[in-house]
Amino acid sequence: MSNTKDIIIIGGGAAGFFAAINIAETYPELSVVILERGKEGLQKVKISGGGRCNVTHAEFIPSELVQNYPRGEKELLGPFHNFMTGDTIAWFEERGVELKIEEDGRMFPVSNSSQTIIDCFLSEAKKHKVEVLYNHSVKTIQALENGFNIETSQADFQCKKLLVATGSNPKIWKLLEDLGHSIVQPVPSLFTFDIKDSRIKDIPGVVAKNVEVKVVGTDLESDGPLLITHVGMSAPAILKLSAFGAVELAQLNYNFKIEINFIRLDYDSCLDDLKGFKLEFAKKTVVNLAQFDLPKRLWKQLVLAAKINDTKRWADLNKQELEALASQLTQATFQVTGKSTFKDEFVTAGGVDLKEVNFKTFESKRIPNLYFAGEVINVDAVTGGFNFQNAWTGAYLVSKSISSDN
């Protein structure tokens, strides 16, 4: 059985649906089909943001938005000038889905439910006569003289134009490699650090609001909130480091040392402040008087780690103890021994080499009429709605270029 279509989209996720709807709306005369390997699509949309769907991020300047992409920063600047966060918000609002901005800049549907986004996509796809075929796992892709032949677990299809929007799917990457594309080997991108250390062992849940973290022996560094977990450390300071250092940390086999400045003051300034506290709080117990806006439980652990016992008063601190405490506060080192997945955010660095994609149209430079959208290419982002924005932008630009010469 063989089916000829104008446009086939492999992958029924965020990028696949967004492209299909926009193509079908712009070019109603074309037959558009989504091939999805699962029994339902939009699975990442469903679980994103704890089931609320973190649609995008309230960042409205392209040059600042691109800074959230460890891979793709340079390439996405042009595309973001053509379809940006504001365009995403307008697109959903025109279709009855209102978005709201949270304190940290993340944007969610007002309903607080990812089902709102899924329902919007399914009804728009139906309205514009997009055919969605589930349980169609793609086995082979063959480039023909004027199109493609695609064999799935259920049928064969021919099409003039093909969009691959399969995210991080090693099987599809292999098929694209067979067609002549270079694939950058995938490594995990968003993960938390596994750390066994007496200083943090008994204080899971503690948040240091603003720290600086460096990976010892590299140029990798980041800042932001840091969360102590039952297995190590997480939150933006760590997640940013994991994303921007994805390739380097994989090469280190996730065994490395980090240095943390918990108070974002240099060692000498910290030491001066501590000497001031020694005079100011002379009769108070050091361990009970947290300074620098640090959580009490973390302060206590750092004081004990500086070999200052829990009965010592500020007035009794000697030079060595003050220096040891300054060191714990501004340059504490921790050994990382592994990584853990961050919630359900399965983000991977890797995919189709960016040099082989035309970022005006998201068309392959190697194979005419082959297009890409979303994480199938070597683009990934920090957490906060940025990976979805890449999907919307790429898919939209494909929809504007894929059919213009039909």
# chains A, B, ... in the order shown; residues from 1 in each chain; ligands from 1
call {"tool": "residues_around", "arguments": {"residues": "A:Thr311", "least_positions_apart": "3", "cutoff": "8 Å", "atoms": "only C-alpha atoms", "output": "PyMOL selection string"}}
result
chain A and resi 285-287
call {"tool": "residues_around", "arguments": {"residues": "A:Glu212", "least_positions_apart": "5", "cutoff": "8 Å", "atoms": "only C-alpha atoms", "output": "list in words"}}
result
Glu221, Ser222, Asp223, Gly224, Ala237, Ile260, Asn261, Phe262 and Arg264 of chain A
call {"tool": "select_by_dssp", "arguments": {"residues": "stretch 229-261 of chain A", "states": "strand (DSSP E or B)", "output": "list in words"}}
result
Gly232, Met233, Ser234, Phe256, Lys257, Ile258, Glu259, Ile260 and Asn261 of chain A
call {"tool": "write_last_selection", "arguments": {"atoms": "N, CA and C atoms", "output": "mmCIF file, in the first residue's frame"}}
result
data_model
loop_
_atom_site.group_PDB
_atom_site.id
_atom_site.type_symbol
_atom_site.label_atom_id
_atom_site.label_comp_id
_atom_site.auth_asym_id
_atom_site.auth_seq_id
_atom_site.Cartn_x
_atom_site.Cartn_y
_atom_site.Cartn_z
ATOM 1 N N GLY A 232 22.457 15.476 46.110
ATOM 2 C CA GLY A 232 23.516 16.397 45.715
ATOM 3 C C GLY A 232 23.022 17.819 45.572
ATOM 4 N N MET A 233 23.167 18.381 44.367
ATOM 5 C CA MET A 233 22.786 19.778 44.149
ATOM 6 C C MET A 233 22.019 19.952 42.843
ATOM 7 N N SER A 234 21.090 20.943 42.851
ATOM 8 C CA SER A 234 20.271 21.225 41.678
ATOM 9 C C SER A 234 19.971 22.723 41.628
ATOM 10 N N PHE A 256 34.146 15.224 38.615
ATOM 11 C CA PHE A 256 34.921 16.467 38.597
ATOM 12 C C PHE A 256 34.676 17.217 39.909
ATOM 13 N N LYS A 257 35.471 18.263 40.132
ATOM 14 C CA LYS A 257 35.300 19.078 41.333
ATOM 15 C C LYS A 257 34.645 20.407 40.953
ATOM 16 N N ILE A 258 33.752 20.894 41.830
ATOM 17 C CA ILE A 258 33.227 22.242 41.646
ATOM 18 C C ILE A 258 33.660 23.110 42.825
ATOM 19 N N GLU A 259 33.803 24.392 42.551
ATOM 20 C CA GLU A 259 34.112 25.358 43.611
ATOM 21 C C GLU A 259 32.928 26.305 43.709
ATOM 22 N N ILE A 260 32.407 26.473 44.927
ATOM 23 C CA ILE A 260 31.222 27.315 45.111
ATOM 24 C C ILE A 260 31.551 28.527 45.976
ATOM 25 N N ASN A 261 31.145 29.689 45.482
ATOM 26 C CA ASN A 261 31.190 30.901 46.290
ATOM 27 C C ASN A 261 29.746 31.158 46.738
#
call {"tool": "closest_residue", "arguments": {"among": "A:Ser31, A:Thr393, A:Leu329, A:Glu321", "to": "A:Leu77", "atoms": "only C-alpha atoms"}}
result
A:Thr393
call {"tool": "residues_around", "arguments": {"residues": "A:Thr341", "least_positions_apart": "3", "cutoff": "12 Å", "atoms": "only C-alpha atoms", "output": "list in words"}}
result
Pro188, Ser189, Leu190, Phe191, Thr192, Phe193, Asp194, Val231, Met233, Ser234, Leu239, Ser242, Gly338, Asp344, Glu345, Phe346, Val347 and Thr348 of chain A
call {"tool": "write_last_selection", "arguments": {"atoms": "C-alpha atoms", "output": "mmCIF file, in the first residue's frame"}}
result
data_model
loop_
_atom_site.group_PDB
_atom_site.id
_atom_site.type_symbol
_atom_site.label_atom_id
_atom_site.label_comp_id
_atom_site.auth_asym_id
_atom_site.auth_seq_id
_atom_site.Cartn_x
_atom_site.Cartn_y
_atom_site.Cartn_z
ATOM 1 C CA PRO A 188 22.635 14.588 28.298
ATOM 2 C CA SER A 189 22.203 18.330 28.735
ATOM 3 C CA LEU A 190 20.009 19.158 31.753
ATOM 4 C CA PHE A 191 20.978 17.234 34.860
ATOM 5 C CA THR A 192 21.653 17.640 38.562
ATOM 6 C CA PHE A 193 24.967 16.818 40.272
ATOM 7 C CA ASP A 194 25.414 13.795 42.548
ATOM 8 C CA VAL A 231 21.551 13.205 46.308
ATOM 9 C CA MET A 233 22.786 19.778 44.149
ATOM 10 C CA SER A 234 20.271 21.225 41.678
ATOM 11 C CA LEU A 239 21.369 23.213 35.621
ATOM 12 C CA SER A 242 25.116 21.109 33.134
ATOM 13 C CA GLY A 338 27.675 11.488 38.781
ATOM 14 C CA ASP A 344 11.033 14.995 33.368
ATOM 15 C CA GLU A 345 13.081 17.445 31.313
ATOM 16 C CA PHE A 346 14.850 14.943 29.070
ATOM 17 C CA VAL A 347 17.043 17.318 27.119
ATOM 18 C CA THR A 348 19.894 16.118 24.953
#
call {"tool": "closest_atom_pairs", "arguments": {"of": "stretch 65-182 of chain A", "to": "stretch 42-55 of chain A", "cutoff": "6 Å", "atoms": "only C-alpha atoms", "output": "CSV"}}
result
residue,atom,partner,partner_atom,distance
A:Met107,CA,A:Asn54,CA,5.6
A:Phe108,CA,A:Asn54,CA,5.1
A:Asn112,CA,A:Arg52,CA,4.9
A:Ser113,CA,A:Arg52,CA,4.3
A:Ser114,CA,A:Arg52,CA,4.5
call {"tool": "closest_residue", "arguments": {"among": "A:Gln389, A:Ser168, A:Asn253, A:Thr4", "to": "A:Val32", "atoms": "only C-alpha atoms"}}
result
A:Thr4
call {"tool": "residues_around", "arguments": {"residues": "A:Gly276", "least_positions_apart": "6", "cutoff": "10 Å", "atoms": "only C-alpha atoms", "output": "PyMOL selection string"}}
result
chain A and resi 270+282+314
call {"tool": "atom_distance", "arguments": {"atom1": "atom CA of A:Val138", "atom2": "atom CA of A:Tyr396"}}
result
23.5 Å
call {"tool": "residues_around", "arguments": {"residues": "A:Arg366", "least_positions_apart": "4", "cutoff": "8 Å", "atoms": "only C-alpha atoms", "output": "short mmCIF file (atom, residue, chain, number, x, y, z; two decimals) with C-alpha atoms, in the first residue's frame"}}
result
data_model
loop_
_atom_site.label_atom_id
_atom_site.label_comp_id
_atom_site.auth_asym_id
_atom_site.auth_seq_id
_atom_site.Cartn_x
_atom_site.Cartn_y
_atom_site.Cartn_z
CA GLY A 180 24.30 11.97 4.19
CA HIS A 181 23.89 14.20 7.24
CA GLU A 356 24.16 21.57 7.50
#
call {"tool": "select_by_dssp", "arguments": {"residues": "stretch 145-346 of chain A", "states": "alpha helix (DSSP H)", "output": "ChimeraX atom specification"}}
result
/A:170-178,236-244,246-251,267-280,296-305,319-330
call {"tool": "write_last_selection", "arguments": {"atoms": "C-alpha atoms", "output": "mmCIF file, in the first residue's frame"}}
result
data_model
loop_
_atom_site.group_PDB
_atom_site.id
_atom_site.type_symbol
_atom_site.label_atom_id
_atom_site.label_comp_id
_atom_site.auth_asym_id
_atom_site.auth_seq_id
_atom_site.Cartn_x
_atom_site.Cartn_y
_atom_site.Cartn_z
ATOM 1 C CA PRO A 170 18.759 7.943 17.836
ATOM 2 C CA LYS A 171 16.966 5.750 15.240
ATOM 3 C CA ILE A 172 15.944 8.765 13.162
ATOM 4 C CA TRP A 173 19.427 10.293 13.540
ATOM 5 C CA LYS A 174 20.817 7.068 12.092
ATOM 6 C CA LEU A 175 18.429 7.304 9.093
ATOM 7 C CA LEU A 176 19.479 10.931 8.538
ATOM 8 C CA GLU A 177 23.122 9.897 8.750
ATOM 9 C CA ASP A 178 22.446 7.263 6.070
ATOM 10 C CA PRO A 236 19.481 27.037 38.033
ATOM 11 C CA ALA A 237 23.134 27.494 39.104
ATOM 12 C CA ILE A 238 23.728 23.768 38.567
ATOM 13 C CA LEU A 239 21.369 23.213 35.621
ATOM 14 C CA LYS A 240 22.929 26.054 33.618
ATOM 15 C CA LEU A 241 26.351 24.549 34.244
ATOM 16 C CA SER A 242 25.116 21.109 33.134
ATOM 17 C CA ALA A 243 23.706 22.553 29.898
ATOM 18 C CA PHE A 244 26.612 24.771 28.912
ATOM 19 C CA ALA A 246 27.181 19.123 28.529
ATOM 20 C CA VAL A 247 29.966 17.980 26.193
ATOM 21 C CA GLU A 248 32.883 18.731 28.523
ATOM 22 C CA LEU A 249 31.263 17.110 31.575
ATOM 23 C CA ALA A 250 30.453 13.982 29.547
ATOM 24 C CA GLN A 251 34.153 13.765 28.600
ATOM 25 C CA TYR A 267 37.894 35.876 49.876
ATOM 26 C CA ASP A 268 39.580 39.087 51.162
ATOM 27 C CA SER A 269 36.328 41.064 51.407
ATOM 28 C CA CYS A 270 34.705 38.142 53.198
ATOM 29 C CA LEU A 271 37.605 37.942 55.673
ATOM 30 C CA ASP A 272 37.277 41.683 56.389
ATOM 31 C CA ASP A 273 33.550 41.252 57.061
ATOM 32 C CA LEU A 274 34.197 38.301 59.383
ATOM 33 C CA LYS A 275 36.699 40.391 61.379
ATOM 34 C CA GLY A 276 33.989 43.055 61.705
ATOM 35 C CA PHE A 277 31.483 40.442 62.953
ATOM 36 C CA LYS A 278 34.066 39.291 65.541
ATOM 37 C CA LEU A 279 33.922 42.752 67.117
ATOM 38 C CA GLU A 280 30.229 43.412 66.521
ATOM 39 C CA LYS A 296 20.778 28.938 58.985
ATOM 40 C CA ARG A 297 21.273 25.216 58.330
ATOM 41 C CA LEU A 298 23.808 25.819 55.567
ATOM 42 C CA TRP A 299 25.661 28.433 57.638
ATOM 43 C CA LYS A 300 25.951 25.950 60.508
ATOM 44 C CA GLN A 301 27.435 23.240 58.243
ATOM 45 C CA LEU A 302 29.999 25.641 56.772
ATOM 46 C CA VAL A 303 30.992 26.871 60.248
ATOM 47 C CA LEU A 304 31.481 23.272 61.430
ATOM 48 C CA ALA A 305 33.423 22.461 58.230
ATOM 49 C CA LYS A 319 43.118 33.927 62.646
ATOM 50 C CA GLN A 320 43.110 30.353 61.263
ATOM 51 C CA GLU A 321 39.422 29.869 62.053
ATOM 52 C CA LEU A 322 38.437 33.160 60.403
ATOM 53 C CA GLU A 323 40.451 32.219 57.305
ATOM 54 C CA ALA A 324 38.959 28.701 57.217
ATOM 55 C CA LEU A 325 35.431 30.132 57.423
ATOM 56 C CA ALA A 326 36.157 32.697 54.673
ATOM 57 C CA SER A 327 37.415 29.823 52.551
ATOM 58 C CA GLN A 328 34.266 27.710 53.134
ATOM 59 C CA LEU A 329 32.067 30.683 52.267
ATOM 60 C CA THR A 330 33.843 31.812 49.095
#
call {"tool": "decode", "arguments": {"residues": "stretch 221-254 of chain A", "atoms": "C-alpha atoms", "output": "compact mmCIF listing (two decimals), in the first residue's frame"}}
result
# COMPACT_ATOMS: atom_id res chain seq x y z
CA GLU A 221 31.01 28.77 35.48
CA SER A 222 27.48 29.90 36.28
CA ASP A 223 25.48 31.66 38.96
CA GLY A 224 21.99 31.75 40.44
CA PRO A 225 20.02 29.86 43.09
CA LEU A 226 21.39 26.53 44.33
CA LEU A 227 19.24 23.79 45.86
CA ILE A 228 20.67 21.07 48.09
CA THR A 229 18.92 17.75 47.37
CA HIS A 230 19.04 14.31 48.97
CA VAL A 231 21.55 13.21 46.31
CA GLY A 232 23.52 16.40 45.71
CA MET A 233 22.79 19.78 44.15
CA SER A 234 20.27 21.23 41.68
CA ALA A 235 18.47 24.50 40.71
CA PRO A 236 19.48 27.04 38.03
CA ALA A 237 23.13 27.49 39.10
CA ILE A 238 23.73 23.77 38.57
CA LEU A 239 21.37 23.21 35.62
CA LYS A 240 22.93 26.05 33.62
CA LEU A 241 26.35 24.55 34.24
CA SER A 242 25.12 21.11 33.13
CA ALA A 243 23.71 22.55 29.90
CA PHE A 244 26.61 24.77 28.91
CA GLY A 245 29.09 22.10 30.00
CA ALA A 246 27.18 19.12 28.53
CA VAL A 247 29.97 17.98 26.19
CA GLU A 248 32.88 18.73 28.52
CA LEU A 249 31.26 17.11 31.58
CA ALA A 250 30.45 13.98 29.55
CA GLN A 251 34.15 13.76 28.60
CA LEU A 252 35.00 13.98 32.32
CA ASN A 253 32.63 11.04 32.83
CA TYR A 254 30.68 13.17 35.34
